[in-house]
Amino acid sequence: MLPLHIDFSLPLQDPVLVFALVLIIILFSPILLSRVKVPAIIGLILAGVIIGPKGLQIIASDEPFKLFGSVGLLYIMFMAGIEIDMNDFKKNKWKSIYFGMNTFIIPMTIGSLVGHYVLGFAWPSAILLASMFASHTLLAYPAISKMGLAKIPVVNITVGGTMITDTLALLVLAVIAGMSRGEVTETFWITLGLSSLIFGLIVMLGFPPLARWFFRKYDDSVSQYIFILAMVYLAAFLAEIAGLETIIGAFFAGLALNRLIPHTSPMMGRIEFVGNALFIPFFLLSVGMIVDVRVLFSGFEAIFVAIVMTVVALGAKWLAAWITQKTYGWNQAARDLMFGLSSTQAAATLAVVFVGVNLGLFNEAVLNGTVVMILVTCLVGSFYAEKAGVQVAKEESEKIPEVEPVDQRILVSLHREERIQPLTDFAAMIRNPRSKEPIHCLYVAMEGENSKENVLQGEKVLEKSEKYISTYDLESVLETRVDKSVATGIARASGDIHATEIITGWSGNKTDETHRFNDMLDKLIQENDQTLFIYKPIHPLNTLSRIVLALPLMAEEEDDFEQWVSRVSNLTKQLGAGLLILCGENTENAIEEIFQKRLGKSSRKYQRWDGFDNFMMLARLVKENDLVFVVLGRKGSPSYSAAGISIPGILSKNLNDLDMVFTIPSRKGKTDPETNKPDKWAPGDQHRWGYHLYRTGKNE
């Protein structure tokens with residue numbers, strides 16, 4: 001029998017045993033408490049109370065555990081910044097400021113008066129106490145995010161308001177602490193202002209180009225994830241140097257990287273998975289571990305202070321949410337959701353109370369009362385947030401459906417391994433998030449002596465595509481075909497599965513000047529009737545900052561106009577990109593109506609042009625980090641232009657370092673059968689501008 005050398009004395013010291021116990025608690029606590037309808041957040045906090053050093057002393061709250069807890073807090077703030085809808089954030093910025101000032105001024109006013117007149121503190125101590133009530137931690141945010149509510153306006157407004165009130169509350173902390181040390185001078189304010197400005201410039205202007213460069217240079221998912229984590233904690237450290245709190249830095253890192261990490265991307269899935277599975281549960285357990293329920297029995301003063309602090313904290317936050325609700329005409333569920341998110345106290349509150357105790361501004365009763373307040377507000381806030389979140393999620397699902405129909409069936413044609421990631425990324429980003437359809441991946445092998453080897457090669461490509469698609473948490477269907485030509489195989493497969501659109505790649509090389517693209521793609525356009533997206537990838541999609549949409553005249557007359565405009569809307573929302581739309585007046589009116597429904601007041605501009613006869617305008621307007629999105633009508637369709645035949649080659653030759661998508665609208669009945677012939681560009685059809693640009697280059 002093997003000797004047993006494990007020490008089971010409490011608190012547990014063996015790191016393997018401690019980690020195993022924590023994982024078991026993280027796993028089973030939500031499962032067990034969900035049966036009695038107790039939110040998972042509350043379960044983890046209560047578990048921390050029970051197993052912590054002030055409970056049964058099963059686990060010691062040592063430095064490694066505190067480290068994981070602080071990492072989890074910063075992770076929550078980072079996720080709040082990275083998941084926020086930047087378009088809605090800009091649209092609702094004044095509402096965020098309004099709520100942020102409400103949830104700061106009301107607790108500050110009530111808290112200062114109560115602290116001075118009820119608890120008998122001097123004004124500096126009373127004001128510092130009130131700053132604890134003004135701040136809050138988005139403890140329930142991960143649970144709300146899991147419900148799919150991270151991007152709705154009320155959550156966006158609450159998150160924005162959180163940054164305002166926490167920043168102001170921590171500024172009050174800095175000022176009161178400085179006053180107690182005699183440091184609040186003109187130099188103090190100048191230093192704080194300059195350091196905060198420098199911090200903001202470094203993170204908001206320096207991080208995005210650095211991240212864009214890294215994502216383009218290194219495509220390894222592990223390296224990218226480690227890079228993101230490094231950016232988060234570097235921003236937190238820079239905030240600390242600037243005299244701000246680390247949670248402000250983590251949130252700003254999320255805002256800076258927001259547009260580079262699409263919400264449905266594999267990287268976002270990894271961020272959410274690691275946070276929800278490890279870092280955030282550790283933080284919730286660490287919050288429970290600081291709670292000492294024995295303070296309730298340490299005397300009347302401790303109980304009285306704890307009750308007063310808890311009532312003021314919850315009452316002031318509820319009043320701020322109620323005033324905001326009445327101002328904007330929201331329903332009760334929206335108010336309760338805002339209250340639940342903004343009433344939980346933890347991080348900033350602890351920072352304030354520890355500083356206050358160290359400076360001699362707070363006594364032991366306030367410290368104990370703070371611990372009780374944290375426990376009660378976390379329980380009440382989490383309960384309100386999750387209960388209201390369920391109601392709001394139900395209301396969101398019952399709203400009027402989007403313009404785009406749900407029955408979207410995407411076929412991605414793959415022929416080389418290096419095309420798997422860019423084409424799949426594009427498919428996932430134009431996909432309707434409400435669609436339940438899998439992504440269909442196709443490999444077409446040519447008939448002939450080597451068809452068997454080609455099929456085996458195709459199966460390897462499709463297996464890798466299936467693995468990559470699974471990182472999006474999407475299902476895939478793999479299709480292998482053997483046909484006389486790749487174009488015919490794609491067209492037949494598309495018809496067999498009733499695809500709504502086909503996505504395929506293009507290297508940028510034309511067969512010759514009489515072709516629109518090359519033999520295969522030109523034949524596919526001729527044989528296929530579905531909407532076709534031809535993608536020439538250069539950079540990862542998430543590193544692009546603007547979509548330049550070039551539309552032919554009468555594009556709005558195409559049968560599938562709403563369909564491909566909806567795909568552009570999905571892509572725009574996923575990338576958080578701006579839009580520059582080149583189109584005629586009638587097309588602008590038609591497309592703006594759809595964009596208003598799907599994108600609201602997002603960042604987009606219109607540039608009037610006369611179609612592809614004035615294509616030089618596009619060459620002048622495009623910039624680095626643009627995605628050029630061109631719609632080319634089929635021959636005989638309403639938007640067809642002979643000038644469009646030369647455009648893919650001209651663009652590829654003169655703007656070869658830009659990513660491009662060429663959309664060929666579907667053919668559903670408006671094509672003149674007499675003109676339904678292969679598109680060829682005869683020398684006599686050359687437009688002078690097209691020939692000149694192709695021959696001499698963009699800058700002549």
# chains A, B, ... in the order shown; residues from 1 in each chain; ligands from 1
call {"tool": "residues_around", "arguments": {"residues": "range 424-429 of chain A", "least_positions_apart": "2", "cutoff": "8 Å", "atoms": "only C-alpha atoms", "output": "CSV table (one decimal) with C-alpha atoms, in the first residue's frame"}}
result
chain,number,residue,atom,x,y,z
A,264,THR,CA,-19.3,35.9,-33.4
A,265,SER,CA,-15.6,35.3,-34.1
A,410,ILE,CA,-24.7,29.4,-47.5
A,412,VAL,CA,-18.7,27.9,-49.4
A,420,ILE,CA,-10.5,27.9,-45.4
A,421,GLN,CA,-10.1,30.6,-42.7
A,422,PRO,CA,-10.9,33.8,-44.9
A,431,ARG,CA,-24.7,35.0,-41.8
A,439,ILE,CA,-22.7,26.2,-43.3
A,465,SER,CA,-12.9,23.5,-42.6
A,468,TYR,CA,-12.5,25.7,-38.1
A,469,ILE,CA,-16.2,26.3,-38.4
A,472,TYR,CA,-17.7,29.7,-34.3
A,503,ILE,CA,-19.1,32.1,-51.5
A,541,LEU,CA,-11.5,40.6,-41.9
A,570,ASN,CA,-24.5,41.8,-41.0
A,571,LEU,CA,-20.9,42.2,-42.0
A,574,GLN,CA,-19.8,42.2,-37.0
call {"tool": "select_by_dssp", "arguments": {"residues": "range 275-454 of chain A", "states": "strand (DSSP E or B)", "output": "NGL selection string"}}
result
:A and (410-413 or 439-446)
call {"tool": "write_last_selection", "arguments": {"atoms": "C-alpha atoms", "output": "PDB file, in the first residue's frame"}}
result
ATOM      1  CA  ILE A 410     -24.709  29.426 -47.464  1.00  0.00           C
ATOM      2  CA  LEU A 411     -22.500  27.282 -49.716  1.00  0.00           C
ATOM      3  CA  VAL A 412     -18.749  27.877 -49.375  1.00  0.00           C
ATOM      4  CA  SER A 413     -16.632  26.529 -52.207  1.00  0.00           C
ATOM      5  CA  ILE A 439     -22.720  26.246 -43.309  1.00  0.00           C
ATOM      6  CA  HIS A 440     -22.323  23.974 -46.333  1.00  0.00           C
ATOM      7  CA  CYS A 441     -18.707  23.439 -47.425  1.00  0.00           C
ATOM      8  CA  LEU A 442     -18.025  22.105 -50.911  1.00  0.00           C
ATOM      9  CA  TYR A 443     -14.988  20.622 -52.630  1.00  0.00           C
ATOM     10  CA  VAL A 444     -15.261  19.821 -56.335  1.00  0.00           C
ATOM     11  CA  ALA A 445     -12.793  17.334 -57.803  1.00  0.00           C
ATOM     12  CA  MET A 446     -12.269  17.235 -61.570  1.00  0.00           C
TER      13      MET A 446
END
call {"tool": "closest_residue", "arguments": {"among": "A:Ala211, A:Leu129, A:Leu234, A:Leu462", "to": "Val312 in chain A", "atoms": "only C-alpha atoms"}}
result
A:Leu129
call {"tool": "residues_around", "arguments": {"residues": "range 143-157 of chain A", "least_positions_apart": "6", "cutoff": "10 Å", "atoms": "only C-alpha atoms", "output": "ChimeraX atom specification"}}
result
/A:39-41,79-81,83-100,263,272,276,325,330,334-335,337-338,341,382,385-386,388-390,392-393,396
call {"tool": "closest_residue", "arguments": {"among": "A:Leu192, A:Ile594, A:Ile42, A:Val486", "to": "Glu447 in chain A", "atoms": "only C-alpha atoms"}}
result
A:Val486
call {"tool": "residues_around", "arguments": {"residues": "range 582-588 of chain A", "least_positions_apart": "4", "cutoff": "7 Å", "atoms": "only C-alpha atoms", "output": "list in words"}}
result
Leu549, Ala550, Leu551, Pro552, Leu553, Met554, Ala555, Glu556, Glu592, Tyr606, Gln607, Arg608, Trp609, Asp610 and Gly611 of chain A
call {"tool": "closest_residue", "arguments": {"among": "A:Glu479, A:Glu459, A:Glu186, A:Glu449", "to": "Glu417 in chain A", "atoms": "only C-alpha atoms"}}
result
A:Glu459
call {"tool": "atom_distance", "arguments": {"atom1": "CA of Thr572 in chain A", "atom2": "CA of Leu205 in chain A"}}
result
21.4 Å
call {"tool": "residues_around", "arguments": {"residues": "Glu624 in chain A", "least_positions_apart": "4", "cutoff": "9 Å", "atoms": "only C-alpha atoms", "output": "list in words"}}
result
Leu544, Ser545, Asp657 and Leu658 of chain A
call {"tool": "residues_around", "arguments": {"residues": "Phe28 in chain A", "least_positions_apart": "3", "cutoff": "12 Å", "atoms": "only C-alpha atoms", "output": "list of chain:residue names"}}
result
A:Leu21, A:Val22, A:Leu23, A:Ile24, A:Ile25, A:Ile31, A:Leu32, A:Leu33, A:Ser34, A:Arg35, A:Ala40, A:Gly43, A:Leu44, A:Ala47, A:Pro281
call {"tool": "closest_atom_pairs", "arguments": {"of": "range 358-400 of chain A", "to": "range 133-139 of chain A", "cutoff": "12 Å", "atoms": "only C-alpha atoms", "output": "tab-separated table"}}
result
residue	atom	partner	partner_atom	distance
A:Thr370	CA	A:Phe133	CA	10.0
A:Met373	CA	A:Phe133	CA	9.8
A:Ile374	CA	A:His136	CA	9.9
A:Leu375	CA	A:Leu139	CA	11.7
A:Thr377	CA	A:His136	CA	9.7
A:Cys378	CA	A:Leu139	CA	7.4
A:Leu379	CA	A:Leu139	CA	10.1
A:Val380	CA	A:Leu139	CA	11.3
A:Gly381	CA	A:Leu139	CA	8.4
A:Ser382	CA	A:Leu139	CA	7.4
A:Phe383	CA	A:Leu139	CA	11.2
A:Tyr384	CA	A:Leu139	CA	11.9
A:Ala385	CA	A:Leu139	CA	9.7
A:Glu386	CA	A:Leu139	CA	11.2
call {"tool": "write_last_selection", "arguments": {"atoms": "N, CA and C atoms", "output": "PDB file, in the first residue's frame"}}
result
ATOM      1  N   THR A 370     -19.128  47.474   5.375  1.00  0.00           N
ATOM      2  CA  THR A 370     -18.849  47.364   3.935  1.00  0.00           C
ATOM      3  C   THR A 370     -18.920  45.915   3.484  1.00  0.00           C
ATOM      4  N   MET A 373     -22.489  44.973   3.313  1.00  0.00           N
ATOM      5  CA  MET A 373     -23.096  45.656   2.173  1.00  0.00           C
ATOM      6  C   MET A 373     -22.740  44.965   0.856  1.00  0.00           C
ATOM      7  N   ILE A 374     -21.493  44.555   0.717  1.00  0.00           N
ATOM      8  CA  ILE A 374     -21.067  43.858  -0.508  1.00  0.00           C
ATOM      9  C   ILE A 374     -21.861  42.569  -0.686  1.00  0.00           C
ATOM     10  N   LEU A 375     -21.989  41.798   0.398  1.00  0.00           N
ATOM     11  CA  LEU A 375     -22.726  40.534   0.312  1.00  0.00           C
ATOM     12  C   LEU A 375     -24.175  40.775  -0.084  1.00  0.00           C
ATOM     13  N   THR A 377     -25.695  43.503  -1.446  1.00  0.00           N
ATOM     14  CA  THR A 377     -25.897  44.110  -2.770  1.00  0.00           C
ATOM     15  C   THR A 377     -25.605  43.118  -3.893  1.00  0.00           C
ATOM     16  N   CYS A 378     -24.613  42.249  -3.678  1.00  0.00           N
ATOM     17  CA  CYS A 378     -24.326  41.231  -4.690  1.00  0.00           C
ATOM     18  C   CYS A 378     -25.487  40.258  -4.837  1.00  0.00           C
ATOM     19  N   LEU A 379     -26.067  39.867  -3.718  1.00  0.00           N
ATOM     20  CA  LEU A 379     -27.203  38.946  -3.761  1.00  0.00           C
ATOM     21  C   LEU A 379     -28.424  39.611  -4.388  1.00  0.00           C
ATOM     22  N   VAL A 380     -28.757  40.815  -3.924  1.00  0.00           N
ATOM     23  CA  VAL A 380     -29.950  41.515  -4.430  1.00  0.00           C
ATOM     24  C   VAL A 380     -29.766  41.901  -5.893  1.00  0.00           C
ATOM     25  N   GLY A 381     -28.612  42.501  -6.215  1.00  0.00           N
ATOM     26  CA  GLY A 381     -28.373  42.938  -7.586  1.00  0.00           C
ATOM     27  C   GLY A 381     -28.372  41.787  -8.574  1.00  0.00           C
ATOM     28  N   SER A 382     -27.716  40.680  -8.209  1.00  0.00           N
ATOM     29  CA  SER A 382     -27.667  39.517  -9.103  1.00  0.00           C
ATOM     30  C   SER A 382     -29.058  38.944  -9.318  1.00  0.00           C
ATOM     31  N   PHE A 383     -29.846  38.884  -8.242  1.00  0.00           N
ATOM     32  CA  PHE A 383     -31.207  38.359  -8.351  1.00  0.00           C
ATOM     33  C   PHE A 383     -32.049  39.228  -9.284  1.00  0.00           C
ATOM     34  N   TYR A 384     -32.003  40.548  -9.080  1.00  0.00           N
ATOM     35  CA  TYR A 384     -32.769  41.466  -9.925  1.00  0.00           C
ATOM     36  C   TYR A 384     -32.316  41.387 -11.383  1.00  0.00           C
ATOM     37  N   ALA A 385     -30.995  41.356 -11.598  1.00  0.00           N
ATOM     38  CA  ALA A 385     -30.475  41.361 -12.966  1.00  0.00           C
ATOM     39  C   ALA A 385     -30.894  40.109 -13.725  1.00  0.00           C
ATOM     40  N   GLU A 386     -30.749  38.954 -13.091  1.00  0.00           N
ATOM     41  CA  GLU A 386     -31.080  37.714 -13.798  1.00  0.00           C
ATOM     42  C   GLU A 386     -32.587  37.579 -14.005  1.00  0.00           C
TER      43      GLU A 386
END
call {"tool": "residues_around", "arguments": {"residues": "Val622 in chain A", "least_positions_apart": "6", "cutoff": "10 Å", "atoms": "only C-alpha atoms", "output": "PyMOL selection string"}}
result
chain A and resi 546-548+580+628+655+658
call {"tool": "atom_distance", "arguments": {"atom1": "CA of Trp322 in chain A", "atom2": "CA of Asn102 in chain A"}}
result
9.9 Å
call {"tool": "select_by_dssp", "arguments": {"residues": "range 170-272 of chain A", "states": "alpha helix (DSSP H)", "output": "ChimeraX atom specification"}}
result
/A:170-181,186-201,207-217,221-241,246-257,266-272
call {"tool": "atom_distance", "arguments": {"atom1": "CA of Lys484 in chain A", "atom2": "CA of Tyr535 in chain A"}}
result
23.8 Å
call {"tool": "decode", "arguments": {"residues": "range 147-194 of chain A", "atoms": "N, CA and C atoms", "output": "short mmCIF file (atom, residue, chain, number, x, y, z; two decimals), in the first residue's frame"}}
result
data_model
loop_
_atom_site.label_atom_id
_atom_site.label_comp_id
_atom_site.auth_asym_id
_atom_site.auth_seq_id
_atom_site.Cartn_x
_atom_site.Cartn_y
_atom_site.Cartn_z
N MET A 147 -27.18 35.63 -21.74
CA MET A 147 -28.56 35.68 -22.22
C MET A 147 -28.66 36.35 -23.59
N GLY A 148 -27.53 36.83 -24.13
CA GLY A 148 -27.56 37.50 -25.42
C GLY A 148 -28.01 38.95 -25.35
N LEU A 149 -27.87 39.58 -24.16
CA LEU A 149 -28.37 40.93 -23.96
C LEU A 149 -27.26 41.97 -23.90
N ALA A 150 -26.03 41.56 -24.20
CA ALA A 150 -24.90 42.48 -24.04
C ALA A 150 -25.00 43.71 -24.94
N LYS A 151 -25.69 43.58 -26.08
CA LYS A 151 -25.71 44.67 -27.05
C LYS A 151 -27.01 45.48 -27.05
N ILE A 152 -27.96 45.16 -26.17
CA ILE A 152 -29.21 45.93 -26.18
C ILE A 152 -28.97 47.30 -25.54
N PRO A 153 -29.76 48.31 -25.90
CA PRO A 153 -29.50 49.69 -25.44
C PRO A 153 -29.39 49.85 -23.93
N VAL A 154 -30.31 49.25 -23.16
CA VAL A 154 -30.30 49.48 -21.72
C VAL A 154 -29.01 48.97 -21.09
N VAL A 155 -28.49 47.86 -21.60
CA VAL A 155 -27.22 47.33 -21.08
C VAL A 155 -26.06 48.22 -21.51
N ASN A 156 -26.09 48.66 -22.78
CA ASN A 156 -25.04 49.58 -23.25
C ASN A 156 -25.01 50.85 -22.42
N ILE A 157 -26.18 51.39 -22.13
CA ILE A 157 -26.27 52.63 -21.34
C ILE A 157 -25.75 52.40 -19.93
N THR A 158 -26.09 51.26 -19.35
CA THR A 158 -25.63 50.94 -17.99
C THR A 158 -24.12 50.78 -17.95
N VAL A 159 -23.57 50.08 -18.94
CA VAL A 159 -22.11 49.90 -18.98
C VAL A 159 -21.41 51.24 -19.14
N GLY A 160 -21.91 52.08 -20.05
CA GLY A 160 -21.33 53.40 -20.22
C GLY A 160 -21.43 54.24 -18.97
N GLY A 161 -22.60 54.20 -18.31
CA GLY A 161 -22.78 54.92 -17.06
C GLY A 161 -21.88 54.42 -15.95
N THR A 162 -21.60 53.11 -15.97
CA THR A 162 -20.71 52.52 -14.96
C THR A 162 -19.32 53.14 -15.02
N MET A 163 -18.81 53.31 -16.23
CA MET A 163 -17.47 53.90 -16.37
C MET A 163 -17.45 55.34 -15.86
N ILE A 164 -18.53 56.05 -16.10
CA ILE A 164 -18.59 57.45 -15.65
C ILE A 164 -18.62 57.53 -14.13
N THR A 165 -19.53 56.78 -13.52
CA THR A 165 -19.66 56.87 -12.06
C THR A 165 -18.45 56.28 -11.35
N ASP A 166 -17.88 55.18 -11.86
CA ASP A 166 -16.70 54.61 -11.21
C ASP A 166 -15.50 55.54 -11.33
N THR A 167 -15.35 56.17 -12.49
CA THR A 167 -14.25 57.11 -12.66
C THR A 167 -14.38 58.29 -11.70
N LEU A 168 -15.58 58.84 -11.61
CA LEU A 168 -15.80 59.98 -10.71
C LEU A 168 -15.64 59.57 -9.24
N ALA A 169 -16.15 58.38 -8.89
CA ALA A 169 -16.03 57.91 -7.50
C ALA A 169 -14.57 57.71 -7.12
N LEU A 170 -13.79 57.14 -8.04
CA LEU A 170 -12.37 56.93 -7.75
C LEU A 170 -11.59 58.24 -7.77
N LEU A 171 -12.10 59.21 -8.52
CA LEU A 171 -11.49 60.54 -8.49
C LEU A 171 -11.73 61.19 -7.12
N VAL A 172 -12.94 61.00 -6.58
CA VAL A 172 -13.23 61.49 -5.23
C VAL A 172 -12.28 60.84 -4.23
N LEU A 173 -12.06 59.54 -4.39
CA LEU A 173 -11.12 58.83 -3.51
C LEU A 173 -9.73 59.45 -3.58
N ALA A 174 -9.25 59.72 -4.80
CA ALA A 174 -7.92 60.31 -4.97
C ALA A 174 -7.83 61.69 -4.31
N VAL A 175 -8.90 62.49 -4.47
CA VAL A 175 -8.90 63.84 -3.92
C VAL A 175 -8.93 63.82 -2.39
N ILE A 176 -9.84 63.01 -1.81
CA ILE A 176 -9.94 62.93 -0.34
C ILE A 176 -8.65 62.39 0.26
N ALA A 177 -8.09 61.35 -0.40
CA ALA A 177 -6.82 60.80 0.09
C ALA A 177 -5.72 61.84 0.01
N GLY A 178 -5.69 62.61 -1.08
CA GLY A 178 -4.69 63.66 -1.23
C GLY A 178 -4.87 64.76 -0.21
N MET A 179 -6.14 65.11 0.07
CA MET A 179 -6.41 66.15 1.08
C MET A 179 -5.92 65.70 2.45
N SER A 180 -6.15 64.43 2.77
CA SER A 180 -5.74 63.94 4.09
C SER A 180 -4.22 63.95 4.24
N ARG A 181 -3.51 63.86 3.11
CA ARG A 181 -2.05 63.90 3.16
C ARG A 181 -1.50 65.29 2.86
N GLY A 182 -2.41 66.23 2.54
CA GLY A 182 -1.98 67.58 2.21
C GLY A 182 -1.37 67.69 0.82
N GLU A 183 -1.81 66.83 -0.13
CA GLU A 183 -1.21 66.79 -1.46
C GLU A 183 -2.06 67.45 -2.54
N VAL A 184 -3.26 67.89 -2.21
CA VAL A 184 -4.16 68.45 -3.24
C VAL A 184 -3.76 69.90 -3.50
N THR A 185 -2.91 70.06 -4.48
CA THR A 185 -2.46 71.38 -4.91
C THR A 185 -2.73 71.53 -6.40
N GLU A 186 -2.34 72.63 -6.94
CA GLU A 186 -2.50 72.85 -8.38
C GLU A 186 -1.73 71.81 -9.17
N THR A 187 -0.56 71.44 -8.65
CA THR A 187 0.26 70.43 -9.32
C THR A 187 -0.45 69.08 -9.36
N PHE A 188 -1.18 68.75 -8.29
CA PHE A 188 -1.94 67.49 -8.23
C PHE A 188 -2.92 67.40 -9.40
N TRP A 189 -3.69 68.45 -9.62
CA TRP A 189 -4.71 68.43 -10.68
C TRP A 189 -4.07 68.39 -12.06
N ILE A 190 -3.01 69.15 -12.24
CA ILE A 190 -2.33 69.15 -13.55
C ILE A 190 -1.74 67.77 -13.85
N THR A 191 -1.11 67.19 -12.84
CA THR A 191 -0.51 65.86 -13.03
C THR A 191 -1.57 64.81 -13.34
N LEU A 192 -2.67 64.84 -12.57
CA LEU A 192 -3.74 63.86 -12.80
C LEU A 192 -4.35 64.03 -14.19
N GLY A 193 -4.59 65.27 -14.59
CA GLY A 193 -5.18 65.52 -15.90
C GLY A 193 -4.28 65.08 -17.04
N LEU A 194 -3.00 65.42 -16.95
CA LEU A 194 -2.07 65.06 -18.02
C LEU A 194 -1.85 63.55 -18.09
#
